[in-house]
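Visitor: Here it is, the structure, as structure tokens.
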Amino acid sequence: MTDHRAAYELLTESLIAQDIDVEGVKAALKQQRIETPSWGYANSGTRFKAFAWPGAATTTRQKLDDAAMVHKMTGIAPSVAIHIPWDKPEDGDYAGMCQYAETRGITIGAVNPNVFQDDVYKLGSLGNPDPAIGEQALDHILECCEIMPKVKSEALSLWFADGTNYAGQDDLRGRKRRFEQGLRLVYDHLPPGGRMLIEYKFFEPAFYSTDLPDWGTAYAWCLKLGEQAQVLVDLGHHAQGANIEQIIAFLLDEGRLGGFHFNNRKYADDDLIVGSVNPYELFLIYNELAGADLGADEPARTTAHNVAYMLDQCHNIEGKIVPVIYSVLNCQEAYAKALIVQRAKLAVLQAAGEVLEAHRLLNDAYRTDVRPLLAQVREELGVPADPIAAYKSSGYQERIRAERGVAATSGGFQ
């Protein structure tokens, strides 16, 4: 990247003329946090094929090493989400795994149980008609609750593949009741201070009915469970044309937005790099989050402040570490643009019914080239102004390729 300082000075002058507190924007950007997924550093693919990547992580320590490298390059990715049993230590020492992460300059974030990959879950986990299989799934999730304090995690992230493929396959109300009973038991076993983040997905792999099909179902169950249960929004888990930012506004206002799985999609749950297909949508999402965080309305303000920002992406053909860095940077850019929205002026225009002027004001922030500002923030954080270029020149990729080689793959994950 060429020297950014001249462009930064010009941008600063323009923002100050718009009554934007540039130092306040920079301070907020320095506090931004994006959690990366351990599975994003491993080989993964579709149900058809996983293409092996030279140097892809095959052990949890390798994943932690890669996550630490991403944080070293960006300065805003200090935690990594783990998936159990994918990240189960060989010696079962979760405290040791936590300590290793800390020696690498990062922490363990959300704990994600896996109740969708074993053969026994063919007909579901908590919703399974076989009580023994439901009990097995419950035992695993409760095990993850016990793991949380060992790795200093405060979030249990739950996603279920449960559903049916054919009408008449199972009793839909019966599945609902089994789910509610299981989630209640999990909620009651959360460690002190822990949160249960409930994710949803409107279809796939179940195609006739999905037990957790939308944010409304997740929200309804959170209300039944208690304040420590909140909704997790995955950007790819919606029907085409769904207004995700409106969903976020609703959940913020209700105090029930718990976290994100950031990614992007073109057709369904594609798990592409966040911001790669629809960067405008990512900006609009961050606009709602920043507006709530900077405002005075409660519980929206406190809720926005406590949102867990996580990536959940499947890097099939584009490598592993560079796509994660790129994703973090896309979130950073969207947040920066949201922070420079002239909110007081926008509120006046909205109240006056100035439709196009309000729309234009919002888009002016989106169209602003904030890259010089971000380069300055990174410089002040002590990380590379151009993280991708710095990573490529670091020699890390060549080293892990030589050390790790190419791992055999089939389809799916891990």
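In the structure tokens, chains take the letters A, B, ... in the order shown, each chain's residues start at 1, and ligands count up from 1 in the order shown.
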Once DSSP has gone over the backbone, tell me which residues of region 271-321 of chain A are in helix (DSSP H, G or I), as a VMD selection string.
Guide: chain A and resid 279 to 294 300 to 305 321
Visitor: Selected residues, N, CA, C and O atoms, written as a PDB file, in the first residue's frame, please.
Guide:
```
ATOM      1  N   PRO A 279     -21.608  -6.070  -0.143  1.00  0.00           N
ATOM      2  CA  PRO A 279     -21.014  -5.192   0.869  1.00  0.00           C
ATOM      3  C   PRO A 279     -21.974  -4.121   1.374  1.00  0.00           C
ATOM      4  O   PRO A 279     -21.835  -3.653   2.505  1.00  0.00           O
ATOM      5  N   TYR A 280     -22.950  -3.737   0.552  1.00  0.00           N
ATOM      6  CA  TYR A 280     -23.918  -2.725   0.987  1.00  0.00           C
ATOM      7  C   TYR A 280     -24.774  -3.259   2.135  1.00  0.00           C
ATOM      8  O   TYR A 280     -25.056  -2.542   3.095  1.00  0.00           O
ATOM      9  N   GLU A 281     -25.169  -4.523   2.033  1.00  0.00           N
ATOM     10  CA  GLU A 281     -25.942  -5.134   3.118  1.00  0.00           C
ATOM     11  C   GLU A 281     -25.129  -5.158   4.409  1.00  0.00           C
ATOM     12  O   GLU A 281     -25.652  -4.865   5.492  1.00  0.00           O
ATOM     13  N   LEU A 282     -23.842  -5.494   4.306  1.00  0.00           N
ATOM     14  CA  LEU A 282     -22.985  -5.516   5.488  1.00  0.00           C
ATOM     15  C   LEU A 282     -22.909  -4.129   6.117  1.00  0.00           C
ATOM     16  O   LEU A 282     -22.958  -3.984   7.343  1.00  0.00           O
ATOM     17  N   PHE A 283     -22.797  -3.103   5.293  1.00  0.00           N
ATOM     18  CA  PHE A 283     -22.802  -1.724   5.800  1.00  0.00           C
ATOM     19  C   PHE A 283     -24.112  -1.400   6.513  1.00  0.00           C
ATOM     20  O   PHE A 283     -24.122  -0.804   7.597  1.00  0.00           O
ATOM     21  N   LEU A 284     -25.241  -1.771   5.913  1.00  0.00           N
ATOM     22  CA  LEU A 284     -26.536  -1.474   6.515  1.00  0.00           C
ATOM     23  C   LEU A 284     -26.711  -2.193   7.850  1.00  0.00           C
ATOM     24  O   LEU A 284     -27.324  -1.665   8.785  1.00  0.00           O
ATOM     25  N   ILE A 285     -26.169  -3.403   7.944  1.00  0.00           N
ATOM     26  CA  ILE A 285     -26.208  -4.132   9.217  1.00  0.00           C
ATOM     27  C   ILE A 285     -25.394  -3.393  10.266  1.00  0.00           C
ATOM     28  O   ILE A 285     -25.850  -3.173  11.395  1.00  0.00           O
ATOM     29  N   TYR A 286     -24.187  -2.996   9.895  1.00  0.00           N
ATOM     30  CA  TYR A 286     -23.351  -2.261  10.837  1.00  0.00           C
ATOM     31  C   TYR A 286     -23.947  -0.890  11.158  1.00  0.00           C
ATOM     32  O   TYR A 286     -23.755  -0.365  12.261  1.00  0.00           O
ATOM     33  N   ASN A 287     -24.685  -0.318  10.226  1.00  0.00           N
ATOM     34  CA  ASN A 287     -25.338   0.955  10.501  1.00  0.00           C
ATOM     35  C   ASN A 287     -26.346   0.821  11.641  1.00  0.00           C
ATOM     36  O   ASN A 287     -26.441   1.692  12.511  1.00  0.00           O
ATOM     37  N   GLU A 288     -27.107  -0.267  11.637  1.00  0.00           N
ATOM     38  CA  GLU A 288     -28.058  -0.497  12.733  1.00  0.00           C
ATOM     39  C   GLU A 288     -27.326  -0.733  14.054  1.00  0.00           C
ATOM     40  O   GLU A 288     -27.735  -0.231  15.107  1.00  0.00           O
ATOM     41  N   LEU A 289     -26.255  -1.490  13.993  1.00  0.00           N
ATOM     42  CA  LEU A 289     -25.489  -1.790  15.207  1.00  0.00           C
ATOM     43  C   LEU A 289     -24.825  -0.543  15.773  1.00  0.00           C
ATOM     44  O   LEU A 289     -24.887  -0.273  16.983  1.00  0.00           O
ATOM     45  N   ALA A 290     -24.194   0.242  14.900  1.00  0.00           N
ATOM     46  CA  ALA A 290     -23.523   1.458  15.350  1.00  0.00           C
ATOM     47  C   ALA A 290     -24.535   2.476  15.852  1.00  0.00           C
ATOM     48  O   ALA A 290     -24.301   3.155  16.870  1.00  0.00           O
ATOM     49  N   GLY A 291     -25.669   2.586  15.167  1.00  0.00           N
ATOM     50  CA  GLY A 291     -26.695   3.522  15.604  1.00  0.00           C
ATOM     51  C   GLY A 291     -27.207   3.207  16.995  1.00  0.00           C
ATOM     52  O   GLY A 291     -27.423   4.105  17.813  1.00  0.00           O
ATOM     53  N   ALA A 292     -27.393   1.913  17.275  1.00  0.00           N
ATOM     54  CA  ALA A 292     -27.852   1.515  18.612  1.00  0.00           C
ATOM     55  C   ALA A 292     -26.775   1.745  19.659  1.00  0.00           C
ATOM     56  O   ALA A 292     -27.040   2.248  20.757  1.00  0.00           O
ATOM     57  N   ASP A 293     -25.538   1.407  19.317  1.00  0.00           N
ATOM     58  CA  ASP A 293     -24.431   1.533  20.262  1.00  0.00           C
ATOM     59  C   ASP A 293     -24.143   2.993  20.601  1.00  0.00           C
ATOM     60  O   ASP A 293     -23.782   3.326  21.735  1.00  0.00           O
ATOM     61  N   LEU A 294     -24.299   3.880  19.629  1.00  0.00           N
ATOM     62  CA  LEU A 294     -24.016   5.301  19.838  1.00  0.00           C
ATOM     63  C   LEU A 294     -25.202   6.062  20.406  1.00  0.00           C
ATOM     64  O   LEU A 294     -25.061   7.209  20.832  1.00  0.00           O
ATOM     65  N   ALA A 300     -31.398  -1.388  23.624  1.00  0.00           N
ATOM     66  CA  ALA A 300     -30.667  -1.507  22.350  1.00  0.00           C
ATOM     67  C   ALA A 300     -29.188  -1.163  22.524  1.00  0.00           C
ATOM     68  O   ALA A 300     -28.316  -1.849  21.976  1.00  0.00           O
ATOM     69  N   ARG A 301     -28.901  -0.103  23.291  1.00  0.00           N
ATOM     70  CA  ARG A 301     -27.509   0.335  23.429  1.00  0.00           C
ATOM     71  C   ARG A 301     -26.656  -0.740  24.102  1.00  0.00           C
ATOM     72  O   ARG A 301     -25.581  -1.104  23.615  1.00  0.00           O
ATOM     73  N   THR A 302     -27.128  -1.240  25.229  1.00  0.00           N
ATOM     74  CA  THR A 302     -26.366  -2.263  25.950  1.00  0.00           C
ATOM     75  C   THR A 302     -26.270  -3.549  25.134  1.00  0.00           C
ATOM     76  O   THR A 302     -25.224  -4.203  25.111  1.00  0.00           O
ATOM     77  N   THR A 303     -27.344  -3.902  24.461  1.00  0.00           N
ATOM     78  CA  THR A 303     -27.346  -5.112  23.636  1.00  0.00           C
ATOM     79  C   THR A 303     -26.313  -5.010  22.523  1.00  0.00           C
ATOM     80  O   THR A 303     -25.533  -5.944  22.285  1.00  0.00           O
ATOM     81  N   ALA A 304     -26.279  -3.868  21.828  1.00  0.00           N
ATOM     82  CA  ALA A 304     -25.309  -3.678  20.746  1.00  0.00           C
ATOM     83  C   ALA A 304     -23.885  -3.751  21.277  1.00  0.00           C
ATOM     84  O   ALA A 304     -22.988  -4.286  20.616  1.00  0.00           O
ATOM     85  N   HIS A 305     -23.676  -3.232  22.465  1.00  0.00           N
ATOM     86  CA  HIS A 305     -22.332  -3.224  23.053  1.00  0.00           C
ATOM     87  C   HIS A 305     -21.839  -4.635  23.361  1.00  0.00           C
ATOM     88  O   HIS A 305     -20.632  -4.890  23.377  1.00  0.00           O
ATOM     89  N   ILE A 321      -5.952 -18.630   5.439  1.00  0.00           N
ATOM     90  CA  ILE A 321      -5.652 -17.502   6.314  1.00  0.00           C
ATOM     91  C   ILE A 321      -5.932 -16.164   5.637  1.00  0.00           C
ATOM     92  O   ILE A 321      -6.538 -15.270   6.248  1.00  0.00           O
TER      93      ILE A 321
END
```
Visitor: Counting only C-alpha atoms, what is within 10 Å of Gly275 (chain A), bar same-chain residues fewer than 2 positions away, as a PDB file with all heavy atoms, in the first residue's frame?
Guide:
```pdb
ATOM      1  N   PHE A 262     -20.833 -14.094  10.666  1.00  0.00           N
ATOM      2  CA  PHE A 262     -20.664 -13.301   9.457  1.00  0.00           C
ATOM      3  C   PHE A 262     -20.196 -14.174   8.296  1.00  0.00           C
ATOM      4  O   PHE A 262     -19.267 -14.971   8.434  1.00  0.00           O
ATOM      5  CB  PHE A 262     -19.635 -12.198   9.680  1.00  0.00           C
ATOM      6  CG  PHE A 262     -20.181 -10.981  10.360  1.00  0.00           C
ATOM      7  CD1 PHE A 262     -19.510 -10.408  11.422  1.00  0.00           C
ATOM      8  CD2 PHE A 262     -21.358 -10.394   9.936  1.00  0.00           C
ATOM      9  CE1 PHE A 262     -19.991  -9.277  12.048  1.00  0.00           C
ATOM     10  CE2 PHE A 262     -21.863  -9.259  10.553  1.00  0.00           C
ATOM     11  CZ  PHE A 262     -21.172  -8.697  11.612  1.00  0.00           C
ATOM     12  N   ASN A 263     -20.837 -14.011   7.166  1.00  0.00           N
ATOM     13  CA  ASN A 263     -20.443 -14.626   5.907  1.00  0.00           C
ATOM     14  C   ASN A 263     -21.231 -13.934   4.810  1.00  0.00           C
ATOM     15  O   ASN A 263     -21.860 -12.904   5.062  1.00  0.00           O
ATOM     16  CB  ASN A 263     -20.682 -16.151   5.917  1.00  0.00           C
ATOM     17  CG  ASN A 263     -22.082 -16.493   6.374  1.00  0.00           C
ATOM     18  OD1 ASN A 263     -23.071 -16.027   5.807  1.00  0.00           O
ATOM     19  ND2 ASN A 263     -22.186 -17.308   7.422  1.00  0.00           N
ATOM     20  N   ASN A 264     -21.225 -14.451   3.617  1.00  0.00           N
ATOM     21  CA  ASN A 264     -22.028 -13.901   2.530  1.00  0.00           C
ATOM     22  C   ASN A 264     -22.516 -15.034   1.650  1.00  0.00           C
ATOM     23  O   ASN A 264     -21.968 -16.136   1.662  1.00  0.00           O
ATOM     24  CB  ASN A 264     -21.218 -12.901   1.716  1.00  0.00           C
ATOM     25  CG  ASN A 264     -22.032 -11.663   1.313  1.00  0.00           C
ATOM     26  OD1 ASN A 264     -21.459 -10.649   0.942  1.00  0.00           O
ATOM     27  ND2 ASN A 264     -23.345 -11.708   1.404  1.00  0.00           N
ATOM     28  N   ARG A 265     -23.569 -14.739   0.905  1.00  0.00           N
ATOM     29  CA  ARG A 265     -24.132 -15.763   0.042  1.00  0.00           C
ATOM     30  C   ARG A 265     -24.686 -15.124  -1.222  1.00  0.00           C
ATOM     31  O   ARG A 265     -25.050 -13.952  -1.261  1.00  0.00           O
ATOM     32  CB  ARG A 265     -25.220 -16.534   0.772  1.00  0.00           C
ATOM     33  CG  ARG A 265     -26.429 -15.716   1.248  1.00  0.00           C
ATOM     34  CD  ARG A 265     -27.462 -15.497   0.153  1.00  0.00           C
ATOM     35  NE  ARG A 265     -28.618 -14.763   0.605  1.00  0.00           N
ATOM     36  CZ  ARG A 265     -29.690 -15.363   1.093  1.00  0.00           C
ATOM     37  NH1 ARG A 265     -29.726 -16.674   1.181  1.00  0.00           N
ATOM     38  NH2 ARG A 265     -30.723 -14.644   1.473  1.00  0.00           N
ATOM     39  N   LEU A 272     -19.683 -17.752   1.936  1.00  0.00           N
ATOM     40  CA  LEU A 272     -18.613 -17.034   1.259  1.00  0.00           C
ATOM     41  C   LEU A 272     -18.054 -15.935   2.163  1.00  0.00           C
ATOM     42  O   LEU A 272     -18.621 -15.622   3.211  1.00  0.00           O
ATOM     43  CB  LEU A 272     -19.145 -16.431  -0.046  1.00  0.00           C
ATOM     44  CG  LEU A 272     -19.717 -17.431  -1.055  1.00  0.00           C
ATOM     45  CD1 LEU A 272     -20.355 -16.696  -2.229  1.00  0.00           C
ATOM     46  CD2 LEU A 272     -18.647 -18.391  -1.544  1.00  0.00           C
ATOM     47  N   ILE A 273     -16.956 -15.332   1.749  1.00  0.00           N
ATOM     48  CA  ILE A 273     -16.327 -14.259   2.518  1.00  0.00           C
ATOM     49  C   ILE A 273     -17.325 -13.132   2.749  1.00  0.00           C
ATOM     50  O   ILE A 273     -17.981 -12.660   1.813  1.00  0.00           O
ATOM     51  CB  ILE A 273     -15.085 -13.732   1.775  1.00  0.00           C
ATOM     52  CG1 ILE A 273     -13.979 -14.792   1.779  1.00  0.00           C
ATOM     53  CG2 ILE A 273     -14.583 -12.430   2.377  1.00  0.00           C
ATOM     54  CD1 ILE A 273     -12.792 -14.419   0.905  1.00  0.00           C
ATOM     55  N   VAL A 277     -20.113 -10.541  -1.659  1.00  0.00           N
ATOM     56  CA  VAL A 277     -21.229 -10.513  -2.596  1.00  0.00           C
ATOM     57  C   VAL A 277     -22.060  -9.246  -2.414  1.00  0.00           C
ATOM     58  O   VAL A 277     -22.436  -8.590  -3.383  1.00  0.00           O
ATOM     59  CB  VAL A 277     -22.121 -11.766  -2.423  1.00  0.00           C
ATOM     60  CG1 VAL A 277     -23.334 -11.706  -3.354  1.00  0.00           C
ATOM     61  CG2 VAL A 277     -21.328 -13.037  -2.679  1.00  0.00           C
ATOM     62  N   ASN A 278     -22.347  -8.892  -1.163  1.00  0.00           N
ATOM     63  CA  ASN A 278     -23.225  -7.754  -0.896  1.00  0.00           C
ATOM     64  C   ASN A 278     -22.628  -6.864   0.188  1.00  0.00           C
ATOM     65  O   ASN A 278     -23.088  -6.868   1.335  1.00  0.00           O
ATOM     66  CB  ASN A 278     -24.612  -8.254  -0.484  1.00  0.00           C
ATOM     67  CG  ASN A 278     -25.657  -7.157  -0.526  1.00  0.00           C
ATOM     68  OD1 ASN A 278     -25.336  -5.975  -0.566  1.00  0.00           O
ATOM     69  ND2 ASN A 278     -26.925  -7.541  -0.500  1.00  0.00           N
ATOM     70  N   PRO A 279     -21.608  -6.070  -0.143  1.00  0.00           N
ATOM     71  CA  PRO A 279     -21.014  -5.192   0.869  1.00  0.00           C
ATOM     72  C   PRO A 279     -21.974  -4.121   1.374  1.00  0.00           C
ATOM     73  O   PRO A 279     -21.835  -3.653   2.505  1.00  0.00           O
ATOM     74  CB  PRO A 279     -19.814  -4.575   0.135  1.00  0.00           C
ATOM     75  CG  PRO A 279     -20.119  -4.728  -1.317  1.00  0.00           C
ATOM     76  CD  PRO A 279     -20.911  -5.984  -1.435  1.00  0.00           C
ATOM     77  N   TYR A 280     -22.950  -3.737   0.552  1.00  0.00           N
ATOM     78  CA  TYR A 280     -23.918  -2.725   0.987  1.00  0.00           C
ATOM     79  C   TYR A 280     -24.774  -3.259   2.135  1.00  0.00           C
ATOM     80  O   TYR A 280     -25.056  -2.542   3.095  1.00  0.00           O
ATOM     81  CB  TYR A 280     -24.793  -2.324  -0.197  1.00  0.00           C
ATOM     82  CG  TYR A 280     -25.728  -1.157   0.089  1.00  0.00           C
ATOM     83  CD1 TYR A 280     -25.242   0.058   0.563  1.00  0.00           C
ATOM     84  CD2 TYR A 280     -27.091  -1.267  -0.143  1.00  0.00           C
ATOM     85  CE1 TYR A 280     -26.091   1.126   0.806  1.00  0.00           C
ATOM     86  CE2 TYR A 280     -27.954  -0.208   0.086  1.00  0.00           C
ATOM     87  CZ  TYR A 280     -27.444   0.990   0.566  1.00  0.00           C
ATOM     88  OH  TYR A 280     -28.296   2.046   0.809  1.00  0.00           O
ATOM     89  N   GLU A 281     -25.169  -4.523   2.033  1.00  0.00           N
ATOM     90  CA  GLU A 281     -25.942  -5.134   3.118  1.00  0.00           C
ATOM     91  C   GLU A 281     -25.129  -5.158   4.409  1.00  0.00           C
ATOM     92  O   GLU A 281     -25.652  -4.865   5.492  1.00  0.00           O
ATOM     93  CB  GLU A 281     -26.358  -6.548   2.736  1.00  0.00           C
ATOM     94  CG  GLU A 281     -27.138  -7.286   3.824  1.00  0.00           C
ATOM     95  CD  GLU A 281     -27.418  -8.722   3.438  1.00  0.00           C
ATOM     96  OE1 GLU A 281     -26.465  -9.511   3.300  1.00  0.00           O
ATOM     97  OE2 GLU A 281     -28.603  -9.058   3.269  1.00  0.00           O
ATOM     98  N   LEU A 282     -23.842  -5.494   4.306  1.00  0.00           N
ATOM     99  CA  LEU A 282     -22.985  -5.516   5.488  1.00  0.00           C
ATOM    100  C   LEU A 282     -22.909  -4.129   6.117  1.00  0.00           C
ATOM    101  O   LEU A 282     -22.958  -3.984   7.343  1.00  0.00           O
ATOM    102  CB  LEU A 282     -21.586  -6.012   5.106  1.00  0.00           C
ATOM    103  CG  LEU A 282     -20.591  -6.182   6.246  1.00  0.00           C
ATOM    104  CD1 LEU A 282     -21.073  -7.208   7.265  1.00  0.00           C
ATOM    105  CD2 LEU A 282     -19.216  -6.570   5.698  1.00  0.00           C
ATOM    106  N   PHE A 283     -22.797  -3.103   5.293  1.00  0.00           N
ATOM    107  CA  PHE A 283     -22.802  -1.724   5.800  1.00  0.00           C
ATOM    108  C   PHE A 283     -24.112  -1.400   6.513  1.00  0.00           C
ATOM    109  O   PHE A 283     -24.122  -0.804   7.597  1.00  0.00           O
ATOM    110  CB  PHE A 283     -22.568  -0.743   4.649  1.00  0.00           C
ATOM    111  CG  PHE A 283     -22.986   0.669   4.950  1.00  0.00           C
ATOM    112  CD1 PHE A 283     -22.245   1.463   5.823  1.00  0.00           C
ATOM    113  CD2 PHE A 283     -24.129   1.202   4.362  1.00  0.00           C
ATOM    114  CE1 PHE A 283     -22.637   2.771   6.100  1.00  0.00           C
ATOM    115  CE2 PHE A 283     -24.530   2.503   4.639  1.00  0.00           C
ATOM    116  CZ  PHE A 283     -23.778   3.288   5.515  1.00  0.00           C
ATOM    117  N   TYR A 326      -9.042 -11.105   5.067  1.00  0.00           N
ATOM    118  CA  TYR A 326      -9.873 -10.288   4.180  1.00  0.00           C
ATOM    119  C   TYR A 326     -11.260 -10.064   4.792  1.00  0.00           C
ATOM    120  O   TYR A 326     -11.818  -8.961   4.724  1.00  0.00           O
ATOM    121  CB  TYR A 326      -9.966 -10.984   2.824  1.00  0.00           C
ATOM    122  CG  TYR A 326     -10.540 -10.154   1.704  1.00  0.00           C
ATOM    123  CD1 TYR A 326     -10.263  -8.799   1.585  1.00  0.00           C
ATOM    124  CD2 TYR A 326     -11.342 -10.742   0.731  1.00  0.00           C
ATOM    125  CE1 TYR A 326     -10.778  -8.043   0.547  1.00  0.00           C
ATOM    126  CE2 TYR A 326     -11.863  -9.995  -0.317  1.00  0.00           C
ATOM    127  CZ  TYR A 326     -11.580  -8.649  -0.403  1.00  0.00           C
ATOM    128  OH  TYR A 326     -12.099  -7.910  -1.435  1.00  0.00           O
ATOM    129  N   SER A 327     -11.812 -11.097   5.410  1.00  0.00           N
ATOM    130  CA  SER A 327     -13.124 -10.994   6.034  1.00  0.00           C
ATOM    131  C   SER A 327     -13.105 -10.009   7.196  1.00  0.00           C
ATOM    132  O   SER A 327     -14.021  -9.188   7.357  1.00  0.00           O
ATOM    133  CB  SER A 327     -13.572 -12.370   6.536  1.00  0.00           C
ATOM    134  OG  SER A 327     -13.630 -13.304   5.476  1.00  0.00           O
ATOM    135  N   VAL A 328     -12.083 -10.099   8.021  1.00  0.00           N
ATOM    136  CA  VAL A 328     -11.946  -9.169   9.145  1.00  0.00           C
ATOM    137  C   VAL A 328     -11.866  -7.737   8.635  1.00  0.00           C
ATOM    138  O   VAL A 328     -12.507  -6.824   9.170  1.00  0.00           O
ATOM    139  CB  VAL A 328     -10.716  -9.531   9.997  1.00  0.00           C
ATOM    140  CG1 VAL A 328     -10.456  -8.453  11.057  1.00  0.00           C
ATOM    141  CG2 VAL A 328     -10.901 -10.890  10.671  1.00  0.00           C
ATOM    142  N   LEU A 329     -11.102  -7.529   7.572  1.00  0.00           N
ATOM    143  CA  LEU A 329     -10.957  -6.191   7.012  1.00  0.00           C
ATOM    144  C   LEU A 329     -12.265  -5.680   6.427  1.00  0.00           C
ATOM    145  O   LEU A 329     -12.580  -4.484   6.523  1.00  0.00           O
ATOM    146  CB  LEU A 329      -9.873  -6.184   5.932  1.00  0.00           C
ATOM    147  CG  LEU A 329      -8.469  -6.614   6.360  1.00  0.00           C
ATOM    148  CD1 LEU A 329      -7.472  -6.405   5.227  1.00  0.00           C
ATOM    149  CD2 LEU A 329      -8.020  -5.879   7.613  1.00  0.00           C
ATOM    150  N   ASN A 330     -13.054  -6.555   5.823  1.00  0.00           N
ATOM    151  CA  ASN A 330     -14.354  -6.145   5.288  1.00  0.00           C
ATOM    152  C   ASN A 330     -15.292  -5.692   6.400  1.00  0.00           C
ATOM    153  O   ASN A 330     -16.029  -4.716   6.248  1.00  0.00           O
ATOM    154  CB  ASN A 330     -14.983  -7.281   4.491  1.00  0.00           C
ATOM    155  CG  ASN A 330     -14.352  -7.471   3.125  1.00  0.00           C
ATOM    156  OD1 ASN A 330     -13.576  -6.620   2.677  1.00  0.00           O
ATOM    157  ND2 ASN A 330     -14.664  -8.565   2.461  1.00  0.00           N
ATOM    158  N   CYS A 331     -15.266  -6.400   7.528  1.00  0.00           N
ATOM    159  CA  CYS A 331     -16.076  -5.987   8.682  1.00  0.00           C
ATOM    160  C   CYS A 331     -15.585  -4.642   9.218  1.00  0.00           C
ATOM    161  O   CYS A 331     -16.381  -3.775   9.595  1.00  0.00           O
ATOM    162  CB  CYS A 331     -16.007  -7.045   9.782  1.00  0.00           C
ATOM    163  SG  CYS A 331     -16.886  -8.576   9.407  1.00  0.00           S
ATOM    164  N   GLU A 333     -14.095  -2.257   7.534  1.00  0.00           N
ATOM    165  CA  GLU A 333     -14.471  -1.190   6.604  1.00  0.00           C
ATOM    166  C   GLU A 333     -15.946  -0.835   6.723  1.00  0.00           C
ATOM    167  O   GLU A 333     -16.324   0.345   6.726  1.00  0.00           O
ATOM    168  CB  GLU A 333     -14.135  -1.601   5.176  1.00  0.00           C
ATOM    169  CG  GLU A 333     -14.433  -0.517   4.149  1.00  0.00           C
ATOM    170  CD  GLU A 333     -13.948  -0.867   2.748  1.00  0.00           C
ATOM    171  OE1 GLU A 333     -13.118  -1.786   2.620  1.00  0.00           O
ATOM    172  OE2 GLU A 333     -14.391  -0.194   1.791  1.00  0.00           O
ATOM    173  N   ALA A 334     -16.803  -1.857   6.827  1.00  0.00           N
ATOM    174  CA  ALA A 334     -18.240  -1.601   6.966  1.00  0.00           C
ATOM    175  C   ALA A 334     -18.532  -0.840   8.258  1.00  0.00           C
ATOM    176  O   ALA A 334     -19.373   0.076   8.281  1.00  0.00           O
ATOM    177  CB  ALA A 334     -19.008  -2.920   6.942  1.00  0.00           C
TER     178      ALA A 334
END
```
Visitor: Taking a cut-off of 12 Å and counting only C-alpha atoms, can you build a table that, for each residue of region 8-88 of chain A near region 150-154 of chain A, reports the nearest atom pair and how far apart they are in Å (one decimal), sorted by chain then residue number, as CSV?
Guide:
```
residue,atom,partner,partner_atom,distance
A:Ser79,CA,A:Ser153,CA,10.0
A:Val80,CA,A:Ser153,CA,10.2
A:Ala81,CA,A:Ser153,CA,9.1
A:Ile82,CA,A:Val151,CA,9.9
A:Asp87,CA,A:Val151,CA,11.8
A:Lys88,CA,A:Val151,CA,11.6
```
Visitor: According to DSSP computed on the backbone, where in region 44-150 of chain A is there strand (DSSP E or B)? Give the residues as a PyMOL selection string.
Guide: chain A and resi 44+57+79-84+107-113
Visitor: Would you pick out the contacts of region 159-175 of chain A at 9 Å or less, using only C-alpha atoms, so that residues sharing its chain but fewer than 5 positions from it are not included, and give the list as a ChimeraX atom specification?
Guide: /A:112-117,121-129,180,197-201,203-213
Visitor: Tell me which of A:Ile317, A:Leu29, A:Ile106, A:Leu252 sits closest to Ser44 (chain A), counting only C-alpha atoms.
Guide: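 Selected residue with least distance to Ser44 (chain A): A:Ile317.
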Visitor: Could you pull the residues within 12 Å of Tyr187 (chain A), counting only C-alpha atoms, minus those fewer than 2 positions along the same chain, as a ChimeraX atom specification?
Guide: /A:138,141-142,144-145,155-158,180-185,189-198,221-230
